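Peer 1: Contents are CSV, C-alpha atoms; file name protein27.csv:
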chain,number,residue,atom,x,y,z
A,5,MET,CA,0.0,0.0,0.0
A,6,SER,CA,1.0,3.5,-0.6
A,7,LYS,CA,2.2,6.2,1.8
A,8,LYS,CA,-1.2,7.9,1.4
A,9,GLU,CA,-3.0,4.7,2.4
A,10,PHE,CA,-0.7,4.3,5.4
A,11,GLU,CA,-1.6,7.8,6.5
A,12,LYS,CA,-5.3,6.9,6.0
A,13,ALA,CA,-4.8,3.9,8.4
A,14,GLN,CA,-3.2,6.2,11.0
A,15,GLU,CA,-6.1,8.7,10.7
A,16,ARG,CA,-8.7,6.0,11.0
A,17,ILE,CA,-7.1,4.8,14.2
A,18,LEU,CA,-6.7,8.3,15.7
A,19,SER,CA,-10.3,9.1,14.6
A,20,ALA,CA,-11.6,5.9,16.4
A,21,LEU,CA,-9.6,6.8,19.6
A,22,SER,CA,-11.0,10.4,19.6
A,23,SER,CA,-14.2,8.9,20.9
A,24,GLY,CA,-12.6,6.8,23.7
A,25,GLU,CA,-10.1,4.0,24.5
A,26,LYS,CA,-10.1,0.9,22.3
A,27,THR,CA,-8.4,-2.5,22.4
A,28,ARG,CA,-6.0,-3.6,19.6
A,29,LYS,CA,-8.6,-6.1,18.5
A,30,THR,CA,-11.2,-3.4,18.0
A,31,LEU,CA,-8.7,-1.1,16.1
A,32,LEU,CA,-7.8,-4.0,13.8
A,33,ALA,CA,-11.5,-4.4,13.0
A,34,LEU,CA,-12.0,-0.8,11.7
A,35,ASP,CA,-13.8,-0.6,8.4
A,36,LYS,CA,-14.5,-4.3,8.5
A,37,ASP,CA,-18.0,-3.6,7.2
A,38,LYS,CA,-16.6,-2.2,4.0
A,39,PHE,CA,-15.4,-5.6,2.9
A,40,SER,CA,-17.7,-8.3,1.3
A,41,ASP,CA,-18.4,-11.6,3.1
A,42,LYS,CA,-16.2,-13.3,0.5
A,43,GLN,CA,-13.3,-10.9,1.2
A,44,LEU,CA,-13.7,-11.4,5.0
A,45,LYS,CA,-13.5,-15.2,4.6
A,46,ASP,CA,-10.3,-15.0,2.4
A,47,ASN,CA,-7.4,-15.4,4.8
A,48,SER,CA,-4.7,-15.6,2.2
A,49,PRO,CA,-1.8,-13.1,2.5
A,50,ASN,CA,-2.8,-11.1,-0.6
A,51,SER,CA,-6.5,-10.7,0.2
A,52,PRO,CA,-7.6,-7.0,0.6
A,53,TYR,CA,-8.9,-7.5,4.1
A,54,THR,CA,-5.8,-9.3,5.3
A,55,GLN,CA,-3.6,-6.5,3.9
A,56,TRP,CA,-5.8,-3.8,5.5
A,57,LYS,CA,-5.5,-5.5,8.9
A,58,SER,CA,-1.7,-5.6,8.5
A,59,MET,CA,-1.7,-1.9,7.6
A,60,LEU,CA,-3.7,-1.1,10.7
A,61,GLY,CA,-1.4,-3.2,12.8
A,62,ASN,CA,1.6,-1.3,11.5
A,63,ALA,CA,-0.1,2.0,12.0
A,64,VAL,CA,-0.9,1.2,15.6
A,65,THR,CA,2.8,0.3,16.2
A,66,TRP,CA,4.0,3.5,14.4
A,67,LEU,CA,1.6,5.7,16.4
A,68,GLU,CA,2.7,4.1,19.6
A,69,ASN,CA,6.4,4.5,18.7
A,70,THR,CA,5.9,8.2,17.9
A,71,LYS,CA,4.0,8.7,21.1
A,72,ARG,CA,0.8,9.7,19.4
A,73,ILE,CA,-1.1,7.0,21.3
A,74,THR,CA,-0.4,5.2,24.5
A,75,LEU,CA,-1.4,1.8,25.9
A,76,ASN,CA,-3.4,1.9,29.1
A,77,GLY,CA,-3.8,-1.6,30.4
A,78,ASP,CA,-5.1,-3.5,27.3
A,79,LYS,CA,-6.6,-0.4,25.6
A,80,TYR,CA,-5.1,2.4,23.5
A,81,ARG,CA,-5.8,6.0,23.9
A,82,LEU,CA,-4.8,9.3,22.4
A,83,THR,CA,-2.0,11.3,24.1
A,84,GLU,CA,-3.2,14.3,26.0
A,85,LYS,CA,-2.2,16.7,23.2
A,86,LEU,CA,-4.4,15.0,20.6
A,87,LYS,CA,-7.8,15.8,22.2
A,88,THR,CA,-9.8,16.0,19.0
A,89,GLU,CA,-10.0,14.1,15.7
A,90,GLN,CA,-8.8,17.3,13.9
A,91,ASP,CA,-5.8,17.5,16.2
A,92,ALA,CA,-4.9,13.9,15.4
A,93,GLN,CA,-5.3,14.3,11.6
A,94,SER,CA,-3.2,17.5,11.7
A,95,GLN,CA,-0.5,15.7,13.6
A,96,VAL,CA,-0.3,12.9,11.1
A,97,ALA,CA,0.3,15.4,8.3
A,98,LYS,CA,2.9,17.2,10.4
A,99,ASP,CA,4.7,13.9,11.3
A,100,GLU,CA,4.9,12.9,7.6
A,101,GLU,CA,6.4,16.3,6.7
A,102,ILE,CA,9.0,16.1,9.4
A,103,ARG,CA,9.8,12.5,8.5
A,104,GLY,CA,10.4,13.6,4.9
A,105,TYR,CA,13.0,16.1,6.1
A,106,ILE,CA,14.7,13.4,8.2
A,107,LEU,CA,15.0,11.2,5.1
A,108,LYS,CA,16.5,14.2,3.2
A,109,ALA,CA,18.9,14.8,6.0
A,110,LEU,CA,20.0,11.2,5.9
A,111,VAL,CA,21.1,11.2,2.2
A,112,THR,CA,24.4,11.2,4.0
A,113,SER,CA,25.1,9.8,7.5
A,114,LYS,CA,24.8,12.3,10.3
A,115,LYS,CA,24.8,12.8,14.0
A,116,LYS,CA,21.5,13.2,15.7
A,117,LYS,CA,22.1,16.9,16.5
A,118,GLU,CA,22.9,17.5,12.8
A,119,ILE,CA,19.7,15.8,11.7
A,120,LEU,CA,17.5,17.7,14.1
A,121,SER,CA,19.1,21.0,13.1
A,122,PHE,CA,18.5,20.2,9.4
A,123,VAL,CA,14.8,19.3,10.1
A,124,VAL,CA,14.1,22.4,12.2
A,125,GLY,CA,15.9,24.7,9.7
A,126,ASN,CA,13.8,23.4,6.8
A,127,TYR,CA,10.5,23.3,8.7
A,128,THR,CA,10.6,26.8,10.2
A,129,ASP,CA,12.5,30.1,9.8
A,130,ARG,CA,12.5,30.5,13.5
A,131,PRO,CA,14.6,27.6,14.8
A,132,ASN,CA,15.0,29.0,18.3
A,133,SER,CA,11.3,29.7,18.8
A,134,LYS,CA,8.8,27.5,20.7
A,135,GLU,CA,7.7,26.1,17.4
A,136,GLY,CA,11.3,25.2,16.5
A,137,LYS,CA,11.8,23.4,19.8
A,138,THR,CA,8.5,21.5,19.3
A,139,VAL,CA,9.6,20.4,15.9
A,140,SER,CA,12.9,19.3,17.2
A,141,SER,CA,11.2,17.2,19.9
A,142,ILE,CA,8.8,15.6,17.4
A,143,ALA,CA,11.7,14.9,15.0
A,144,GLY,CA,13.6,13.2,17.8
A,145,GLN,CA,10.6,10.9,18.5
A,146,ILE,CA,10.2,10.0,14.8
A,147,LEU,CA,13.9,9.3,14.4
A,148,SER,CA,13.7,6.9,17.4
A,149,ALA,CA,10.7,5.2,15.8
A,150,MET,CA,12.6,4.9,12.5
A,151,VAL,CA,15.4,3.1,14.4
A,152,LYS,CA,12.9,0.8,16.1
A,153,VAL,CA,11.4,-0.4,12.8
A,154,GLU,CA,14.9,-0.7,11.3
A,155,GLU,CA,14.4,2.0,8.7
A,156,VAL,CA,17.4,3.8,10.2
A,157,PHE,CA,20.4,2.3,12.0
A,158,VAL,CA,22.8,3.9,14.5
A,159,SER,CA,26.5,3.2,14.8
A,160,LYS,CA,28.7,5.0,17.3
A,161,GLY,CA,26.2,7.9,17.4
A,162,THR,CA,25.9,8.3,13.7
A,163,TYR,CA,22.6,7.7,12.0
A,164,SER,CA,22.2,6.3,8.5
A,165,LEU,CA,19.4,4.9,6.3
A,166,VAL,CA,19.3,1.1,6.3
A,167,ALA,CA,19.4,1.2,2.5
A,168,THR,CA,22.9,2.6,2.7
A,169,LYS,CA,24.1,0.0,5.2
A,170,GLN,CA,27.1,-2.0,3.9
A,171,VAL,CA,27.8,-5.1,5.9
A,172,SER,CA,31.6,-5.6,6.3
A,173,LYS,CA,33.3,-9.0,6.5
A,174,LYS,CA,35.8,-7.3,8.8
A,175,ASN,CA,33.0,-6.7,11.3
A,176,GLY,CA,32.2,-10.4,11.3
A,177,GLU,CA,28.6,-10.0,10.2
A,178,GLN,CA,28.9,-12.7,7.6
A,179,LYS,CA,29.8,-15.4,10.1
A,180,ASN,CA,27.7,-18.4,10.9
A,181,LYS,CA,26.0,-19.3,7.6
A,182,LYS,CA,22.5,-20.6,8.2
A,183,ASN,CA,21.4,-24.1,7.2
A,184,THR,CA,17.7,-23.5,7.0
A,185,LYS,CA,16.0,-26.0,4.7
A,186,ILE,CA,12.7,-26.3,2.9
A,187,PRO,CA,11.4,-28.8,0.3
A,188,GLU,CA,12.7,-28.9,-3.2
A,189,LYS,CA,10.5,-30.0,-6.1
A,190,THR,CA,10.1,-33.6,-4.9
A,191,VAL,CA,8.3,-32.8,-1.7
A,192,SER,CA,8.5,-36.2,-0.2
A,193,GLN,CA,12.3,-36.5,-0.4
A,194,ASP,CA,14.5,-33.6,-1.4
A,195,LYS,CA,15.6,-30.6,0.6
A,196,ILE,CA,17.4,-27.5,-0.5
A,197,GLU,CA,19.5,-25.0,1.4
A,198,LEU,CA,18.2,-21.5,1.4
A,199,HIS,CA,20.3,-18.4,0.9
A,200,GLU,CA,23.1,-17.5,3.3
A,201,ALA,CA,22.8,-14.7,5.8
A,202,TYR,CA,21.8,-11.4,4.3
A,203,LYS,CA,24.3,-9.0,3.0
A,204,GLU,CA,22.1,-5.9,2.7
A,205,PRO,CA,18.6,-5.2,3.8
A,206,VAL,CA,16.0,-4.6,1.2
A,207,VAL,CA,14.7,-1.1,1.4
A,208,GLY,CA,13.6,0.9,-1.6
A,209,ALA,CA,11.2,3.6,-2.9
A,210,LYS,CA,8.4,1.0,-2.7
A,211,ASP,CA,9.6,-0.6,0.4
A,212,ASP,CA,8.8,1.6,3.4
A,213,ALA,CA,10.1,0.0,6.5
A,214,ARG,CA,6.9,1.0,8.4
A,215,GLN,CA,4.9,-1.1,5.9
A,216,ARG,CA,7.0,-4.3,6.4
A,217,ILE,CA,7.4,-5.8,9.8
A,218,MET,CA,6.0,-3.3,12.4
A,219,SER,CA,3.3,-5.5,13.9
A,220,PRO,CA,2.4,-9.1,14.6
A,221,GLU,CA,-0.3,-8.9,11.9
A,222,ALA,CA,2.2,-7.7,9.3
A,223,LEU,CA,4.8,-10.3,10.3
A,224,GLU,CA,2.3,-13.2,9.8
A,225,ASN,CA,1.0,-11.8,6.5
A,226,LEU,CA,4.3,-11.0,4.9
A,227,ALA,CA,5.9,-14.3,6.0
A,228,LEU,CA,3.1,-16.3,4.5
A,229,GLY,CA,3.3,-14.3,1.3
A,230,LEU,CA,7.1,-14.8,1.1
A,231,LEU,CA,6.8,-18.6,1.8
A,232,GLN,CA,4.2,-18.9,-0.9
A,233,LYS,CA,6.5,-17.1,-3.3
A,234,ILE,CA,9.4,-19.4,-2.4
A,235,PHE,CA,7.4,-22.6,-3.0
A,236,ASN,CA,6.1,-21.3,-6.3
A,237,ASP,CA,9.7,-20.4,-7.4
A,238,ARG,CA,10.6,-24.1,-6.6
A,239,HIS,CA,7.8,-25.2,-9.0
A,240,LEU,CA,5.6,-26.4,-6.2
A,241,LYS,CA,1.8,-25.8,-6.5
A,242,VAL,CA,0.4,-24.1,-3.5
A,243,THR,CA,-3.1,-25.4,-3.0
A,244,ARG,CA,-3.7,-23.6,0.4
A,245,CYS,CA,-2.1,-20.7,2.0
A,246,GLU,CA,-3.9,-18.9,4.8
A,247,ASN,CA,-3.6,-17.1,8.1
A,248,ILE,CA,-5.5,-18.9,10.8
A,249,ASP,CA,-4.4,-16.8,13.7
A,250,GLY,CA,-7.1,-16.5,16.4
A,251,PRO,CA,-8.1,-17.7,19.9
A,252,GLN,CA,-8.5,-21.3,18.7
A,253,ASP,CA,-5.3,-21.4,16.5
A,254,GLY,CA,-3.6,-24.0,18.7
A,255,GLY,CA,-0.2,-22.3,18.3
A,256,ILE,CA,-0.4,-22.2,14.5
A,257,ASP,CA,-0.5,-18.8,12.7
A,258,GLY,CA,-0.5,-20.1,9.1
A,259,ILE,CA,-0.9,-23.3,7.0
A,260,ILE,CA,0.5,-23.9,3.6
A,261,ILE,CA,-0.3,-27.0,1.5
A,262,VAL,CA,2.1,-27.6,-1.4
A,263,GLU,CA,2.0,-30.3,-4.1
A,264,ASP,CA,4.6,-31.5,-6.6
A,265,ASP,CA,4.2,-32.7,-10.2
A,266,LEU,CA,3.6,-36.3,-9.0
A,267,GLY,CA,0.8,-35.2,-6.7
A,268,PHE,CA,2.7,-35.7,-3.4
A,269,GLN,CA,1.4,-33.2,-0.9
A,270,GLU,CA,3.1,-31.6,2.1
A,271,LYS,CA,1.5,-29.7,4.9
A,272,VAL,CA,3.6,-26.8,6.3
A,273,ILE,CA,2.6,-25.1,9.5
A,274,MET,CA,4.0,-21.7,10.5
A,275,GLN,CA,4.2,-19.8,13.8
A,276,ALA,CA,5.2,-16.1,13.9
A,277,LYS,CA,6.5,-14.3,16.9
A,278,TYR,CA,6.8,-10.5,16.7
A,279,LYS,CA,9.3,-8.7,19.0
A,280,LYS,CA,8.9,-5.0,19.6
A,281,GLU,CA,12.7,-4.8,19.6
A,282,ALA,CA,15.4,-7.1,18.3
A,283,LYS,CA,15.3,-9.7,21.1
A,284,PHE,CA,16.2,-13.3,21.4
A,285,VAL,CA,13.4,-15.8,21.0
A,286,PRO,CA,13.3,-18.0,24.2
A,287,GLN,CA,14.1,-21.6,23.5
A,288,CYS,CA,10.9,-22.6,25.4
A,289,GLU,CA,8.8,-21.0,22.5
A,290,ILE,CA,10.6,-23.2,20.0
A,291,ARG,CA,10.1,-26.3,22.1
A,292,GLU,CA,6.4,-25.5,22.4
A,293,PHE,CA,6.1,-25.2,18.6
A,294,CYS,CA,8.0,-28.5,18.2
A,295,GLY,CA,5.2,-30.0,20.3
A,296,VAL,CA,2.6,-28.4,18.1
A,297,LEU,CA,4.3,-29.7,14.9
A,298,SER,CA,4.5,-33.2,16.3
A,299,ALA,CA,0.8,-33.2,17.2
A,300,GLU,CA,-0.5,-31.6,14.1
A,301,GLU,CA,-2.0,-34.3,11.9
A,302,GLY,CA,-0.4,-34.4,8.4
A,303,ALA,CA,2.2,-31.7,9.1
A,304,THR,CA,5.6,-32.6,7.9
A,305,LEU,CA,7.4,-29.2,8.0
A,306,GLY,CA,7.3,-26.5,10.7
A,307,ILE,CA,8.6,-23.0,10.1
A,308,PHE,CA,9.1,-20.6,13.0
A,309,VAL,CA,9.3,-17.0,11.9
A,310,THR,CA,10.4,-13.9,13.9
A,311,ASN,CA,11.7,-10.4,13.4
A,312,GLY,CA,13.9,-11.1,16.4
A,313,ILE,CA,17.0,-13.2,16.9
A,314,PHE,CA,17.6,-16.9,17.5
A,315,HIS,CA,20.2,-17.8,20.1
A,316,SER,CA,22.9,-20.2,19.1
A,317,ASP,CA,21.6,-22.7,21.7
A,318,THR,CA,18.2,-22.7,20.0
A,319,LYS,CA,19.8,-23.4,16.6
A,320,LYS,CA,21.7,-26.4,18.2
A,321,PHE,CA,18.5,-27.7,19.7
A,322,ILE,CA,16.7,-27.6,16.3
A,323,LYS,CA,19.6,-29.5,14.6
A,324,LYS,CA,18.9,-32.3,17.1
A,325,TYR,CA,15.2,-32.3,16.5
A,326,THR,CA,14.7,-35.1,13.9
A,327,HIS,CA,11.1,-36.1,14.4
A,328,LYS,CA,9.9,-33.7,11.6
A,329,ARG,CA,11.6,-31.1,9.5
A,330,PHE,CA,11.9,-27.6,11.0
A,331,ALA,CA,13.1,-24.3,9.8
A,332,LEU,CA,14.0,-21.1,11.6
A,333,LEU,CA,13.6,-17.7,9.9
A,334,ASP,CA,14.7,-14.6,11.7
A,335,GLY,CA,14.6,-10.9,10.5
A,336,GLU,CA,17.9,-11.1,8.6
A,337,LYS,CA,16.9,-14.4,7.0
A,338,ILE,CA,13.5,-13.0,5.9
A,339,GLN,CA,15.1,-10.0,4.2
A,340,SER,CA,17.7,-12.3,2.5
A,341,LEU,CA,15.0,-14.5,1.1
A,342,ALA,CA,12.9,-11.5,0.0
A,343,LYS,CA,15.8,-10.2,-1.9
A,344,GLU,CA,16.7,-13.6,-3.4
A,345,HIS,CA,13.1,-14.3,-4.5
A,346,ASN,CA,12.3,-10.7,-5.6
A,347,TYR,CA,9.5,-10.5,-3.1
A,348,ASN,CA,7.9,-7.1,-2.8
A,349,TRP,CA,7.5,-6.2,0.9
A,350,ALA,CA,5.1,-3.4,0.3
A,351,LEU,CA,1.6,-4.3,1.6
Translate this file's structure into structure tokens.
Peer 2:
Amino acid sequence: MSKKEFEKAQERILSALSSGEKTRKTLLALDKDKFSDKQLKDNSPNSPYTQWKSMLGNAVTWLENTKRITLNGDKYRLTEKLKTEQDAQSQVAKDEEIRGYILKALVTSKKKKEILSFVVGNYTDRPNSKEGKTVSSIAGQILSAMVKVEEVFVSKGTYSLVATKQVSKKNGEQKNKKNTKIPEKTVSQDKIELHEAYKEPVVGAKDDARQRIMSPEALENLALGLLQKIFNDRHLKVTRCENIDGPQDGGIDGIIIVEDDLGFQEKVIMQAKYKKEAKFVPQCEIREFCGVLSAEEGATLGIFVTNGIFHSDTKKFIKKYTHKRFALLDGEKIQSLAKEHNYNWAL
């Protein structure tokens, strides 16, 4: 979806919260009545309703990161400054303008002070006024949010766009090649090794980081879409690919059924764990999913997806798990596969 549609999602959330606190579930159901029964029943990653929910999920995360909304218990509410719907919509437009100046500032890497100075200088001709200080504060919040969603990275106090990041062998970032495996064309027998650890994140004009992995909903949807693309590229027919996340999902967020030329089928189950920040996935969560995989009738391959990080002990544990095939996909691996299979991250 476009930048304009992402702004629309933010405005819908802020508009809904202007009338009172709402749970995340309620916010993700906004405009549900605008979709047909057929669209609502379609849980595939490319369905209009699934993509809209992912966009709303990303918008909630973005608004929370930029401190436009806050979580009070299990309900979200507007911050004190955004008391009306008009205030909220005006703030979205202002945030986008300021974010635009941050992107311009980061054409070359800069220190935070330099970035804020550039933004304020371009936004107002009175940088030392109350308005200038307010803009500087907002720019700081947005810059922090951009770091959280990995649109911007920081190294020794210097900020750069992720798209300009060059991973150096000297820094040891290409160590530990991954041995993740998925089925090759002959589903019942063969396996293939997926691409090695990523070399450069995929970020482009059509690939806004905020529209990629900013929420649990987006992670589930984008991971399913990517897996479907991988299987299709391996000349496997995908007969089923849907998100089944819900209160009765039994620890399974997605199911994919693939079939080879001989008619052999394989049932793939996926679980996705979203981490607000790049954190290690506890080994206990992997063990639990192994139990789900073992118990799921007909399932032969389990894929555990996260935007976080897998500890080395977790990887060792999976190598010893031989009951059924198992693959781990972390944030770096996901981006590597998206690049390899030319998968468009934009929702």
Peer 1: Find the residues near Val64 (chain A): any atom within 10 Å, counting all atoms listed in the file, skip ones fewer than 4 places away on the same chain, and give them as a PyMOL selection string.
Peer 2: chain A and resi 13-14+17-18+28+31-32+58-60+68-69+72-74+80+218-219
Peer 1: For a quick check of understanding, using all atoms listed in the file, which of A:Lys29, A:Thr162, A:Asp257, A:Thr70 has the smallest distance to Gly144 (chain A)?
Peer 2: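 Of the candidates, the smallest distance to Gly144 (chain A) is held by A:Thr70.
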Peer 1: Excluding Ala149 (chain A) and any residue of its chain fewer than 3 positions from it, enumerate the residues within 10 Å of it, using all atoms listed in the file, and give them as a PyMOL selection string.
Peer 2: chain A and resi 65-71+143-146+152-156+214
Peer 1: Given the choices A:Leu34, A:Leu226, A:Leu266, A:Val96, which gets closest to Glu15 (chain A) if the distance is worked out from all atoms listed in the file?
Peer 2: A:Val96
Peer 1: Within 9 Å of (9.3, -16.7, -3.5), only C-alpha atoms: residues as JSON, numbers by chain?
Peer 2: {"A": [229, 230, 231, 232, 233, 234, 235, 236, 237, 238, 341, 342, 344, 345, 346, 347]}
Peer 1: Can you take the partial region 88-109 of chain A, add N, CA and C atoms, and return it as a JSON list (two decimals), in the coordinates of the input?
Peer 2:
[["chain", "number", "residue", "atom", "x", "y", "z"],
["A", 88, "THR", "N", -8.74, 16.05, 19.95],
["A", 88, "THR", "CA", -9.80, 16.00, 19.00],
["A", 88, "THR", "C", -9.35, 15.23, 17.73],
["A", 89, "GLU", "N", -10.30, 14.82, 16.91],
["A", 89, "GLU", "CA", -10.00, 14.10, 15.70],
["A", 89, "GLU", "C", -9.19, 15.07, 14.74],
["A", 90, "GLN", "N", -9.55, 16.37, 14.75],
["A", 90, "GLN", "CA", -8.80, 17.30, 13.90],
["A", 90, "GLN", "C", -7.38, 17.48, 14.36],
["A", 91, "ASP", "N", -7.16, 17.49, 15.67],
["A", 91, "ASP", "CA", -5.80, 17.50, 16.20],
["A", 91, "ASP", "C", -4.98, 16.35, 15.71],
["A", 92, "ALA", "N", -5.63, 15.19, 15.76],
["A", 92, "ALA", "CA", -4.90, 13.90, 15.40],
["A", 92, "ALA", "C", -4.58, 13.95, 13.90],
["A", 93, "GLN", "N", -5.52, 14.33, 13.04],
["A", 93, "GLN", "CA", -5.30, 14.30, 11.60],
["A", 93, "GLN", "C", -4.18, 15.36, 11.25],
["A", 94, "SER", "N", -4.21, 16.50, 11.91],
["A", 94, "SER", "CA", -3.20, 17.50, 11.70],
["A", 94, "SER", "C", -1.82, 17.01, 12.08],
["A", 95, "GLN", "N", -1.76, 16.23, 13.17],
["A", 95, "GLN", "CA", -0.50, 15.70, 13.60],
["A", 95, "GLN", "C", 0.09, 14.67, 12.68],
["A", 96, "VAL", "N", -0.76, 13.86, 12.08],
["A", 96, "VAL", "CA", -0.30, 12.90, 11.10],
["A", 96, "VAL", "C", 0.39, 13.56, 9.94],
["A", 97, "ALA", "N", -0.25, 14.62, 9.41],
["A", 97, "ALA", "CA", 0.30, 15.40, 8.30],
["A", 97, "ALA", "C", 1.65, 16.01, 8.69],
["A", 98, "LYS", "N", 1.70, 16.57, 9.90],
["A", 98, "LYS", "CA", 2.90, 17.20, 10.40],
["A", 98, "LYS", "C", 4.04, 16.18, 10.57],
["A", 99, "ASP", "N", 3.70, 15.01, 11.12],
["A", 99, "ASP", "CA", 4.70, 13.90, 11.30],
["A", 99, "ASP", "C", 5.29, 13.51, 9.97],
["A", 100, "GLU", "N", 4.44, 13.38, 8.95],
["A", 100, "GLU", "CA", 4.90, 12.90, 7.60],
["A", 100, "GLU", "C", 5.85, 13.96, 7.02],
["A", 101, "GLU", "N", 5.53, 15.24, 7.21],
["A", 101, "GLU", "CA", 6.40, 16.30, 6.70],
["A", 101, "GLU", "C", 7.76, 16.26, 7.35],
["A", 102, "ILE", "N", 7.75, 16.11, 8.67],
["A", 102, "ILE", "CA", 9.00, 16.10, 9.40],
["A", 102, "ILE", "C", 9.80, 14.82, 9.06],
["A", 103, "ARG", "N", 9.11, 13.70, 8.90],
["A", 103, "ARG", "CA", 9.80, 12.50, 8.50],
["A", 103, "ARG", "C", 10.47, 12.64, 7.14],
["A", 104, "GLY", "N", 9.80, 13.38, 6.25],
["A", 104, "GLY", "CA", 10.40, 13.60, 4.90],
["A", 104, "GLY", "C", 11.68, 14.40, 5.02],
["A", 105, "TYR", "N", 11.74, 15.37, 5.92],
["A", 105, "TYR", "CA", 13.00, 16.10, 6.10],
["A", 105, "TYR", "C", 14.08, 15.26, 6.72],
["A", 106, "ILE", "N", 13.68, 14.31, 7.60],
["A", 106, "ILE", "CA", 14.70, 13.40, 8.20],
["A", 106, "ILE", "C", 15.30, 12.54, 7.08],
["A", 107, "LEU", "N", 14.47, 12.05, 6.17],
["A", 107, "LEU", "CA", 15.00, 11.20, 5.10],
["A", 107, "LEU", "C", 15.93, 12.04, 4.17],
["A", 108, "LYS", "N", 15.59, 13.31, 3.95],
["A", 108, "LYS", "CA", 16.50, 14.20, 3.20],
["A", 108, "LYS", "C", 17.80, 14.39, 3.87],
["A", 109, "ALA", "N", 17.72, 14.57, 5.18],
["A", 109, "ALA", "CA", 18.90, 14.80, 6.00],
["A", 109, "ALA", "C", 19.85, 13.58, 5.90]]
